[in-house]
file my_file31.cif (mmCIF, C-alpha atoms)
data_entry
#
loop_
_atom_site.label_atom_id
_atom_site.label_comp_id
_atom_site.auth_asym_id
_atom_site.auth_seq_id
_atom_site.Cartn_x
_atom_site.Cartn_y
_atom_site.Cartn_z
CA MET F 1 -22.73 -21.84 24.54
CA GLU F 2 -20.17 -20.17 26.78
CA PRO F 3 -18.54 -16.74 26.88
CA LYS F 4 -15.44 -16.69 24.71
CA ASN F 5 -12.44 -14.40 24.49
CA VAL F 6 -11.99 -13.52 20.83
CA ILE F 7 -9.49 -11.32 19.01
CA GLY F 8 -11.24 -9.57 16.13
CA LEU F 9 -8.97 -8.37 13.31
CA MET F 10 -10.02 -5.82 10.71
CA SER F 11 -8.46 -3.46 8.19
CA GLY F 12 -10.74 -1.22 6.17
CA THR F 13 -10.51 0.44 2.77
CA SER F 14 -8.35 3.28 4.12
CA CYS F 15 -5.64 0.77 5.14
CA ASP F 16 -4.69 3.18 7.93
CA SER F 17 -4.03 0.35 10.38
CA ILE F 18 -4.95 -3.17 11.38
CA ASP F 19 -7.48 -2.91 14.19
CA ALA F 20 -7.10 -5.71 16.73
CA ALA F 21 -9.71 -5.99 19.48
CA LEU F 22 -9.67 -8.51 22.31
CA CYS F 23 -13.30 -9.00 23.27
CA GLU F 24 -15.39 -11.11 25.57
CA VAL F 25 -18.41 -12.28 23.62
CA ALA F 26 -21.31 -13.66 25.69
CA PRO F 27 -24.09 -16.12 24.79
CA ASP F 28 -26.56 -13.20 24.57
CA LEU F 29 -24.24 -11.88 21.80
CA SER F 30 -23.15 -8.85 23.80
CA CYS F 31 -19.52 -7.93 23.26
CA ARG F 32 -17.22 -6.32 25.81
CA LEU F 33 -14.01 -4.72 24.57
CA ILE F 34 -11.11 -5.73 26.81
CA LYS F 35 -8.43 -3.92 24.82
CA GLY F 36 -7.95 -2.68 21.29
CA ILE F 37 -4.85 -1.62 19.39
CA ASN F 38 -4.21 0.05 16.05
CA PHE F 39 -1.31 -1.83 14.46
CA ASP F 40 0.32 0.11 11.63
CA TYR F 41 1.22 -1.53 8.35
CA PRO F 42 4.83 -0.96 7.31
CA GLU F 43 4.55 2.09 5.04
CA ASN F 44 5.86 0.32 1.94
CA LEU F 45 3.40 -2.54 2.46
CA ARG F 46 0.49 -0.15 2.99
CA GLY F 47 1.28 1.47 -0.34
CA GLN F 48 1.29 -1.91 -2.05
CA VAL F 49 -2.06 -2.81 -0.49
CA LEU F 50 -3.59 0.49 -1.61
CA ARG F 51 -2.40 -0.24 -5.17
CA ALA F 52 -3.46 -3.90 -5.06
CA GLY F 53 -6.25 -3.31 -7.58
CA GLU F 54 -3.55 -2.76 -10.20
CA ALA F 55 -1.22 -5.53 -8.99
CA SER F 56 -0.30 -8.73 -10.80
CA VAL F 57 -1.47 -12.15 -9.68
CA SER F 58 2.00 -12.89 -8.32
CA ASP F 59 1.97 -9.65 -6.32
CA ILE F 60 -1.45 -10.46 -4.82
CA CYS F 61 -0.19 -13.95 -3.97
CA ARG F 62 2.81 -12.51 -2.13
CA LEU F 63 0.75 -9.78 -0.42
CA ASN F 64 -1.68 -12.38 0.90
CA PHE F 65 1.10 -13.90 3.00
CA GLU F 66 2.78 -10.62 3.97
CA VAL F 67 -0.51 -9.14 5.14
CA GLY F 68 -1.26 -12.38 7.02
CA LYS F 69 2.05 -11.93 8.84
CA CYS F 70 1.05 -8.38 9.82
CA PHE F 71 -2.35 -9.57 11.07
CA ALA F 72 -0.60 -12.25 13.13
CA ASP F 73 1.81 -9.64 14.53
CA ALA F 74 -1.13 -7.47 15.57
CA ALA F 75 -2.82 -10.38 17.32
CA ASN F 76 0.41 -11.36 19.03
CA VAL F 77 0.69 -7.93 20.67
CA LEU F 78 -2.55 -8.68 22.53
CA ILE F 79 -1.59 -12.32 23.11
CA GLY F 80 1.67 -11.18 24.67
CA GLU F 81 -0.29 -9.11 27.20
CA PHE F 82 -3.37 -11.27 27.83
CA GLY F 83 -2.48 -14.78 26.68
CA LYS F 84 -4.14 -16.76 23.90
CA PRO F 85 -7.82 -16.14 23.21
CA ASP F 86 -10.25 -18.94 22.52
CA PHE F 87 -9.92 -18.08 18.83
CA ILE F 88 -9.23 -15.27 16.34
CA ALA F 89 -11.79 -13.86 13.89
CA SER F 90 -10.13 -12.08 10.97
CA HIS F 91 -11.91 -10.10 8.30
CA GLY F 92 -8.66 -9.61 6.39
CA GLN F 93 -7.90 -6.82 3.94
CA THR F 94 -10.27 -6.37 1.02
CA VAL F 95 -8.36 -5.82 -2.22
CA TRP F 96 -11.29 -6.24 -4.62
CA HIS F 97 -15.03 -6.53 -4.20
CA ILE F 98 -17.58 -7.17 -6.93
CA PRO F 99 -21.00 -6.76 -5.25
CA GLY F 100 -23.02 -9.92 -5.70
CA GLY F 101 -20.33 -11.47 -7.87
CA ALA F 102 -17.06 -12.12 -6.06
CA THR F 103 -14.83 -10.76 -3.35
CA LEU F 104 -11.22 -11.10 -2.24
CA GLN F 105 -9.82 -10.48 1.23
CA ILE F 106 -6.13 -11.16 1.76
CA GLY F 107 -4.28 -11.86 5.02
CA GLU F 108 -3.70 -15.61 4.86
CA SER F 109 -5.45 -17.31 7.77
CA SER F 110 -2.96 -20.20 7.74
CA VAL F 111 -0.19 -17.72 8.56
CA ILE F 112 -2.26 -16.21 11.39
CA ALA F 113 -3.05 -19.64 12.86
CA GLU F 114 0.55 -20.82 12.56
CA GLN F 115 2.15 -17.72 14.08
CA THR F 116 -0.36 -17.24 16.90
CA GLY F 117 -1.17 -20.86 17.69
CA CYS F 118 -4.88 -19.97 17.61
CA LEU F 119 -7.88 -21.31 15.77
CA THR F 120 -8.61 -18.65 13.14
CA ILE F 121 -12.00 -17.96 11.54
CA SER F 122 -11.81 -15.92 8.34
CA ASN F 123 -13.34 -15.34 4.89
CA PHE F 124 -16.71 -14.12 6.09
CA ARG F 125 -18.06 -12.56 2.89
CA GLU F 126 -18.00 -15.47 0.43
CA ALA F 127 -20.89 -17.47 1.89
CA ASP F 128 -23.25 -14.52 1.61
CA ILE F 129 -22.28 -14.00 -2.04
CA ALA F 130 -22.74 -17.72 -2.69
CA ALA F 131 -26.28 -17.32 -1.33
CA GLY F 132 -26.98 -14.54 -3.83
CA GLY F 133 -26.03 -11.62 -1.59
CA GLN F 134 -23.69 -8.68 -2.06
CA GLY F 135 -21.28 -9.95 0.60
CA ALA F 136 -21.75 -6.67 2.46
CA PRO F 137 -22.54 -4.90 4.65
CA LEU F 138 -21.88 -7.54 7.30
CA VAL F 139 -21.84 -5.07 10.19
CA CYS F 140 -25.64 -5.04 10.08
CA PHE F 141 -25.80 -8.25 12.12
CA ALA F 142 -24.00 -6.57 15.02
CA ASP F 143 -25.94 -3.32 14.65
CA LYS F 144 -29.23 -5.20 14.79
CA THR F 145 -28.01 -7.10 17.86
CA TRP F 146 -26.50 -4.19 19.77
CA PHE F 147 -28.73 -1.22 18.85
CA LYS F 148 -32.21 -2.71 18.45
CA GLY F 149 -34.73 -0.79 20.58
CA LYS F 150 -32.62 2.36 20.88
CA SER F 151 -34.59 4.35 18.32
CA ASP F 152 -34.27 7.79 19.88
CA GLY F 153 -31.10 7.23 21.83
CA ARG F 154 -32.79 6.46 25.14
CA SER F 155 -36.57 5.92 24.83
CA PRO F 156 -37.61 3.17 22.37
CA GLU F 157 -41.29 3.84 22.93
CA THR F 158 -41.16 7.20 21.12
CA GLY F 159 -40.81 5.43 17.77
CA GLY F 160 -38.74 6.11 14.68
CA ALA F 161 -35.70 4.23 13.47
CA VAL F 162 -32.03 4.55 14.34
CA ALA F 163 -29.38 4.85 11.64
CA VAL F 164 -26.13 3.25 12.76
CA GLN F 165 -23.63 4.94 10.48
CA ASN F 166 -20.05 3.82 10.02
CA ILE F 167 -17.70 6.26 8.29
CA GLY F 168 -14.52 4.46 7.32
CA GLY F 169 -12.99 4.61 3.86
CA ILE F 170 -16.48 3.80 2.61
CA ALA F 171 -19.58 4.84 4.57
CA ASN F 172 -22.26 2.30 5.39
CA VAL F 173 -25.48 2.46 7.38
CA THR F 174 -27.69 -0.02 9.19
CA VAL F 175 -31.26 1.18 9.68
CA VAL F 176 -32.60 -0.52 12.79
CA GLY F 177 -36.33 -0.18 13.32
CA GLU F 178 -39.31 -2.45 12.85
CA ASP F 179 -37.24 -4.09 10.11
CA THR F 180 -33.48 -3.94 9.56
CA THR F 181 -31.96 -2.73 6.32
CA GLY F 182 -28.48 -1.64 5.43
CA PHE F 183 -26.32 -0.45 2.55
CA ASP F 184 -23.21 1.52 1.64
CA THR F 185 -24.12 5.19 1.40
CA GLY F 186 -21.03 6.05 -0.67
CA PRO F 187 -17.58 7.46 0.08
CA GLY F 188 -16.57 7.97 3.67
CA ASN F 189 -12.97 9.10 4.04
CA VAL F 190 -11.62 7.66 0.79
CA ILE F 191 -11.90 10.87 -1.28
CA ILE F 192 -10.91 13.11 1.63
CA ASP F 193 -7.79 11.05 2.35
CA TYR F 194 -6.77 10.94 -1.31
CA CYS F 195 -7.05 14.71 -1.64
CA MET F 196 -5.18 15.29 1.64
CA GLN F 197 -2.32 13.15 0.32
CA LYS F 198 -2.38 14.87 -3.06
CA PHE F 199 -2.53 18.48 -1.88
CA PHE F 200 -0.99 18.41 1.61
CA ASP F 201 1.15 15.25 1.64
CA LEU F 202 -0.77 14.11 4.71
CA PRO F 203 -2.63 10.79 5.13
CA TYR F 204 -5.86 12.35 6.45
CA ASP F 205 -7.43 15.58 7.69
CA LYS F 206 -6.61 15.47 11.41
CA ASP F 207 -9.55 16.75 13.46
CA GLY F 208 -11.10 18.12 10.25
CA GLN F 209 -8.90 21.21 10.53
CA VAL F 210 -8.36 21.69 6.79
CA ALA F 211 -12.04 21.22 5.93
CA ALA F 212 -13.02 23.67 8.67
CA ALA F 213 -10.67 26.29 7.20
CA GLY F 214 -12.08 25.91 3.69
CA LYS F 215 -15.27 26.96 1.93
CA VAL F 216 -17.64 24.52 0.22
CA ASP F 217 -17.98 24.92 -3.53
CA GLU F 218 -21.75 24.44 -3.64
CA SER F 219 -21.99 24.07 -7.42
CA TRP F 220 -19.29 21.43 -7.53
CA LEU F 221 -20.84 19.62 -4.56
CA GLU F 222 -24.19 19.38 -6.36
CA CYS F 223 -22.38 18.10 -9.45
CA LEU F 224 -20.64 15.38 -7.44
CA LEU F 225 -23.94 14.33 -5.88
CA GLN F 226 -25.36 13.48 -9.31
CA ASP F 227 -23.29 10.30 -9.48
CA GLU F 228 -25.55 7.36 -10.30
CA TYR F 229 -24.45 5.34 -7.26
CA TYR F 230 -26.32 7.63 -4.87
CA PHE F 231 -29.59 6.94 -6.67
CA LEU F 232 -29.33 3.14 -6.79
CA PRO F 233 -31.80 1.46 -4.41
CA PRO F 234 -30.54 -0.96 -1.74
CA PRO F 235 -29.22 -3.57 -1.36
CA LYS F 236 -26.03 -2.01 -2.64
CA THR F 237 -22.35 -1.93 -1.75
CA THR F 238 -19.37 -0.09 -3.12
CA GLY F 239 -15.67 0.32 -2.50
CA ARG F 240 -12.33 1.59 -3.68
CA GLU F 241 -12.96 -0.22 -6.97
CA TYR F 242 -15.64 2.40 -7.76
CA PHE F 243 -14.38 5.45 -5.86
CA SER F 244 -10.91 4.85 -7.25
CA PRO F 245 -7.98 7.25 -7.74
CA GLN F 246 -9.04 7.64 -11.37
CA TYR F 247 -12.62 8.44 -10.29
CA ILE F 248 -11.31 11.08 -7.88
CA GLU F 249 -8.97 12.61 -10.46
CA ASN F 250 -11.83 12.86 -12.94
CA ALA F 251 -13.97 14.51 -10.25
CA LEU F 252 -11.23 17.04 -9.49
CA LYS F 253 -11.22 18.11 -13.15
CA THR F 254 -14.78 19.39 -12.67
CA ALA F 255 -13.97 21.43 -9.56
CA GLY F 256 -14.81 25.11 -9.64
CA THR F 257 -11.93 25.91 -7.29
CA ASN F 258 -8.19 25.36 -7.25
CA GLU F 259 -7.87 26.18 -3.55
CA PRO F 260 -6.89 22.95 -1.73
CA LYS F 261 -8.68 23.89 1.50
CA ASP F 262 -11.91 24.45 -0.43
CA ILE F 263 -11.50 21.12 -2.19
CA ILE F 264 -11.14 19.33 1.17
CA ALA F 265 -14.15 21.19 2.56
CA THR F 266 -16.24 20.23 -0.47
CA VAL F 267 -15.38 16.52 -0.50
CA THR F 268 -15.97 16.39 3.25
CA ALA F 269 -19.39 17.94 2.68
CA LEU F 270 -19.93 15.34 -0.06
CA THR F 271 -19.56 12.50 2.43
CA ALA F 272 -22.00 14.14 4.85
CA LYS F 273 -24.61 15.18 2.32
CA SER F 274 -24.58 11.85 0.49
CA ILE F 275 -25.26 10.17 3.84
CA ALA F 276 -28.14 12.53 4.67
CA GLN F 277 -29.67 12.20 1.21
CA SER F 278 -29.47 8.41 1.36
CA TYR F 279 -31.60 8.46 4.50
CA GLU F 280 -34.18 10.67 2.80
CA ARG F 281 -34.34 8.38 -0.24
CA PHE F 282 -34.08 4.94 1.32
CA ALA F 283 -34.31 4.93 5.12
CA GLY F 284 -37.66 6.43 6.10
CA ASP F 285 -38.31 8.10 9.45
CA ILE F 286 -34.93 8.39 11.17
CA LYS F 287 -34.91 9.74 14.72
CA THR F 288 -31.30 9.10 15.73
CA VAL F 289 -28.00 8.78 13.85
CA ILE F 290 -25.21 6.97 15.70
CA VAL F 291 -21.83 7.53 14.03
CA GLY F 292 -18.74 5.34 14.36
CA GLY F 293 -15.50 4.82 12.50
CA GLY F 294 -12.84 7.39 11.71
CA GLY F 295 -15.42 9.94 10.61
CA ALA F 296 -16.69 10.22 14.17
CA TYR F 297 -13.36 11.88 15.04
CA ASN F 298 -13.69 14.54 12.33
CA PRO F 299 -15.54 17.55 13.85
CA ALA F 300 -15.92 19.23 10.45
CA LEU F 301 -17.59 16.13 9.01
CA MET F 302 -19.86 15.84 12.04
CA ASP F 303 -20.80 19.53 11.69
CA PHE F 304 -21.72 18.97 8.05
CA LEU F 305 -23.88 16.01 9.08
CA ARG F 306 -25.72 18.18 11.61
CA LYS F 307 -26.26 20.77 8.90
CA TYR F 308 -27.68 18.33 6.34
CA LEU F 309 -29.78 16.13 8.61
CA PRO F 310 -33.38 17.22 9.28
CA ARG F 311 -34.11 19.20 12.41
CA GLY F 312 -34.90 17.08 15.42
CA VAL F 313 -32.67 14.17 14.42
CA GLN F 314 -30.26 13.31 17.23
CA LEU F 315 -26.63 12.91 16.19
CA GLN F 316 -24.61 10.72 18.53
CA THR F 317 -21.58 8.46 18.40
CA HIS F 318 -21.05 4.82 19.21
CA GLU F 319 -19.31 5.85 22.42
CA ASP F 320 -22.67 7.08 23.76
CA TYR F 321 -23.76 3.42 23.74
CA GLY F 322 -20.61 1.88 25.15
CA VAL F 323 -19.30 0.75 21.75
CA SER F 324 -15.87 1.96 20.66
CA ASN F 325 -15.85 4.30 17.65
CA ASN F 326 -12.33 3.15 16.89
CA PHE F 327 -12.66 -0.60 17.37
CA LYS F 328 -16.31 -1.19 16.52
CA GLU F 329 -15.62 -3.07 13.27
CA ALA F 330 -13.01 -5.32 14.88
CA MET F 331 -15.58 -6.01 17.62
CA VAL F 332 -18.12 -6.85 14.90
CA PHE F 333 -15.88 -9.60 13.52
CA ALA F 334 -15.28 -10.94 17.00
CA LEU F 335 -19.08 -11.29 17.25
CA LEU F 336 -19.40 -12.81 13.77
CA GLY F 337 -16.63 -15.27 14.61
CA TYR F 338 -18.41 -16.25 17.83
CA CYS F 339 -21.55 -17.02 15.82
CA THR F 340 -19.56 -19.02 13.28
CA TYR F 341 -17.97 -21.02 16.10
CA TYR F 342 -21.42 -21.95 17.41
CA ASN F 343 -23.00 -22.42 13.95
CA ILE F 344 -25.34 -19.42 14.32
CA PRO F 345 -26.42 -17.75 11.03
CA ASN F 346 -24.77 -14.35 11.00
CA ASN F 347 -25.73 -12.56 7.80
CA VAL F 348 -28.79 -10.29 7.41
CA PRO F 349 -30.42 -11.01 4.02
CA SER F 350 -32.54 -7.83 4.15
CA CYS F 351 -29.24 -5.91 4.12
CA THR F 352 -27.07 -7.99 1.79
CA GLY F 353 -29.73 -9.30 -0.58
CA ALA F 354 -28.90 -12.96 0.09
CA SER F 355 -31.66 -15.46 -0.58
CA HIS F 356 -31.43 -16.93 2.92
CA ARG F 357 -29.60 -16.74 6.22
CA THR F 358 -26.33 -18.61 6.41
CA VAL F 359 -23.28 -19.14 8.60
CA LEU F 360 -20.36 -17.03 7.41
CA GLY F 361 -16.69 -17.88 7.81
CA LYS F 362 -14.14 -20.67 7.46
CA PHE F 363 -11.98 -22.42 10.06
CA THR F 364 -8.18 -22.70 10.00
CA TYR F 365 -6.70 -24.84 12.75
CA PRO F 366 -3.27 -24.32 14.29
CA PHE F 367 -0.69 -27.04 14.88
CA ASP F 368 -1.45 -28.55 18.29
CA GLY F 369 1.67 -30.67 18.66
CA LYS F 370 -0.24 -33.96 18.45
CA PHE F 371 0.55 -34.98 14.85
#
call {"tool": "encode", "arguments": {"input": "my_file31.cif", "output": "structure tokens"}}
result
Amino acid sequence: MEPKNVIGLMSGTSCDSIDAALCEVAPDLSCRLIKGINFDYPENLRGQVLRAGEASVSDICRLNFEVGKCFADAANVLIGEFGKPDFIASHGQTVWHIPGGATLQIGESSVIAEQTGCLTISNFREADIAAGGQGAPLVCFADKTWFKGKSDGRSPETGGAVAVQNIGGIANVTVVGEDTTGFDTGPGNVIIDYCMQKFFDLPYDKDGQVAAAGKVDESWLECLLQDEYYFLPPPKTTGREYFSPQYIENALKTAGTNEPKDIIATVTALTAKSIAQSYERFAGDIKTVIVGGGGAYNPALMDFLRKYLPRGVQLQTHEDYGVSNNFKEAMVFALLGYCTYYNIPNNVPSCTGASHRTVLGKFTYPFDGKF
């Protein structure tokens, strides 16, 4: 095994951008971010991806190649500055996920390999599902590798577990302690973003300003928290298929307020409180919560988390540990791709529910000029 330069490519459920991270991954599975970029989808394409759950088979077929072109374009920005990496590891764009049943990520790897000239490793979720798992969360492998032994932020000997919490469109946690478990806690930014678009014609709540200006409707919040997903035991995953536009519209019909700022405040509190309650129900003795993803940049959401977490629990961000809040998930797939390249099992069955460890990912080779 040797250190490898890997471009990790990732786009989450919010479809806010394609995250491209050039990383150096070492044999000890540490990962150093060299440079990351957020590559925006063309607005019309982003809209089509967000509506992909309602698209025809022909539309999905076309989107697979168009999204692959965008992923290749993102990688080529970094290649233009740093040269070709040893390979690319692409998660792709999830358009539908049936936990434990099937999953579909688009962003054709053949297009990426052809347009970058790089070996491309992709389709990481299918092997876990084939082994009886949910196909998610896959980030747990990296969390276990990078955060093990950091149970109170600095002094592992004091005991307790660390919750490594990602807040993207969907929120997911890895609980790293004596054992490692992980699951999706519920909505991250998906409901907040939808309501911001609906009421303010904005893609998201920048710096949590709208939520901070609003007042939480406590009765409605408690009503929202009765959804059955929050009570399901792990392993469990969810996505935009469940917390869909129709789900959100139905939830808005039960709101006790018509004030948009209060609605944003309440759904932001929902994300935070559902996270805190999931720890109480399923995670045991948590000493530290380390937040990454877009939610880490929302002060109102972080304030709600502080409010709902028990006293004495440290709330930190990935940056406190030298891991980028913004590019963490792209770094994760760089790591997963490195393991695939060297045939190292890279799922965590205690998190996904798979019957055994397995090597995730498929190889797509570029044209090398020798044929």
call {"tool": "closest_atom_pairs", "arguments": {"input": "my_file31.cif", "of": "region 27-56 of chain F", "to": "region 327-350 of chain F", "cutoff": "12 Å", "atoms": "only C-alpha atoms", "output": "Markdown table"}}
result
| residue | atom | partner | partner_atom | distance |
| --- | --- | --- | --- | --- |
| F:Pro27 | CA | F:Tyr338 | CA | 9.0 |
| F:Asp28 | CA | F:Leu335 | CA | 10.6 |
| F:Leu29 | CA | F:Leu335 | CA | 6.9 |
| F:Ser30 | CA | F:Leu335 | CA | 8.1 |
| F:Cys31 | CA | F:Leu335 | CA | 6.9 |
| F:Arg32 | CA | F:Met331 | CA | 8.4 |
| F:Leu33 | CA | F:Met331 | CA | 7.2 |
| F:Ile34 | CA | F:Met331 | CA | 10.2 |
| F:Lys35 | CA | F:Phe327 | CA | 9.2 |
| F:Gly36 | CA | F:Phe327 | CA | 6.5 |
| F:Ile37 | CA | F:Phe327 | CA | 8.1 |
| F:Asn38 | CA | F:Phe327 | CA | 8.6 |
| F:Phe39 | CA | F:Phe327 | CA | 11.8 |
call {"tool": "residues_around", "arguments": {"input": "my_file31.cif", "residues": "Arg46 (chain F)", "least_positions_apart": "2", "cutoff": "10 Å", "atoms": "only C-alpha atoms", "output": "JSON, numbers by chain"}}
result
{"F": [14, 15, 16, 17, 40, 41, 42, 43, 44, 48, 49, 50, 51, 52, 67]}
call {"tool": "residues_around", "arguments": {"input": "my_file31.cif", "residues": "Trp220 (chain F)", "least_positions_apart": "3", "cutoff": "9 Å", "atoms": "only C-alpha atoms", "output": "list in words"}}
result
Val216, Asp217, Cys223, Leu224, Leu225, Thr254, Ala255, Gly256, Thr257 and Thr266 of chain F
call {"tool": "atom_distance", "arguments": {"input": "my_file31.cif", "atom1": "CA of Ala113 (chain F)", "atom2": "CA of Lys69 (chain F)"}}
result
10.1 Å
call {"tool": "atom_distance", "arguments": {"input": "my_file31.cif", "atom1": "CA of Pro299 (chain F)", "atom2": "CA of Gln246 (chain F)"}}
result
27.9 Å
call {"tool": "resolve_selection", "arguments": {"input": "my_file31.cif", "expression": "the PyMOL selection byres ((chain F and resi 311-320) around 6)", "output": "list in words"}}
result
Lys287, Thr288, Val289, Ile290, Val291, Gly292, Pro310, Tyr321, Gly322, Val323, Ser324 and Asn325 of chain F
call {"tool": "closest_residue", "arguments": {"input": "my_file31.cif", "among": "F:Glu178, F:Glu222, F:Glu114, F:Asp184", "to": "Gly135 (chain F)", "atoms": "all atoms listed in the file"}}
result
F:Asp184
call {"tool": "atom_distance", "arguments": {"input": "my_file31.cif", "atom1": "CA of Trp96 (chain F)", "atom2": "CA of Gln277 (chain F)"}}
result
26.7 Å
call {"tool": "closest_residue", "arguments": {"input": "my_file31.cif", "among": "F:Ser244, F:Asn172, F:Ser110, F:Thr116", "to": "Val190 (chain F)", "atoms": "all atoms listed in the file"}}
result
F:Ser244
call {"tool": "closest_residue", "arguments": {"input": "my_file31.cif", "among": "F:Ala296, F:Val175, F:Ala213, F:Leu78", "to": "Val162 (chain F)", "atoms": "only C-alpha atoms"}}
result
F:Val175
call {"tool": "closest_residue", "arguments": {"input": "my_file31.cif", "among": "F:Thr352, F:Asn5, F:Pro366, F:Phe124", "to": "Cys140 (chain F)", "atoms": "only C-alpha atoms"}}
result
F:Thr352
call {"tool": "resolve_selection", "arguments": {"input": "my_file31.cif", "expression": "the PyMOL selection byres ((chain F and resi 282) around 12)", "output": "PyMOL selection string"}}
result
chain F and resi 163+173-175+181-185+230-236+274-281+283-286
call {"tool": "closest_residue", "arguments": {"input": "my_file31.cif", "among": "F:Gln134, F:Thr238, F:Asn76, F:Asn298", "to": "Val210 (chain F)", "atoms": "all atoms listed in the file"}}
result
F:Asn298
call {"tool": "resolve_selection", "arguments": {"input": "my_file31.cif", "expression": "the PyMOL selection byres ((chain F and resi 123) around 6)", "output": "number ranges by chain"}}
result
F: 122, 124-125, 361-362
call {"tool": "write_last_selection", "arguments": {"input": "my_file31.cif", "atoms": "C-alpha atoms", "output": "PDB file, keeping the file's coordinate frame"}}
result
ATOM      1  CA  SER F 122     -11.810 -15.920   8.340  1.00  0.00           C
ATOM      2  CA  PHE F 124     -16.710 -14.120   6.090  1.00  0.00           C
ATOM      3  CA  ARG F 125     -18.060 -12.560   2.890  1.00  0.00           C
ATOM      4  CA  GLY F 361     -16.690 -17.880   7.810  1.00  0.00           C
ATOM      5  CA  LYS F 362     -14.140 -20.670   7.460  1.00  0.00           C
TER       6      LYS F 362
END
call {"tool": "closest_residue", "arguments": {"input": "my_file31.cif", "among": "F:Val164, F:Leu119, F:Ala265, F:Pro137", "to": "Phe367 (chain F)", "atoms": "only C-alpha atoms"}}
result
F:Leu119
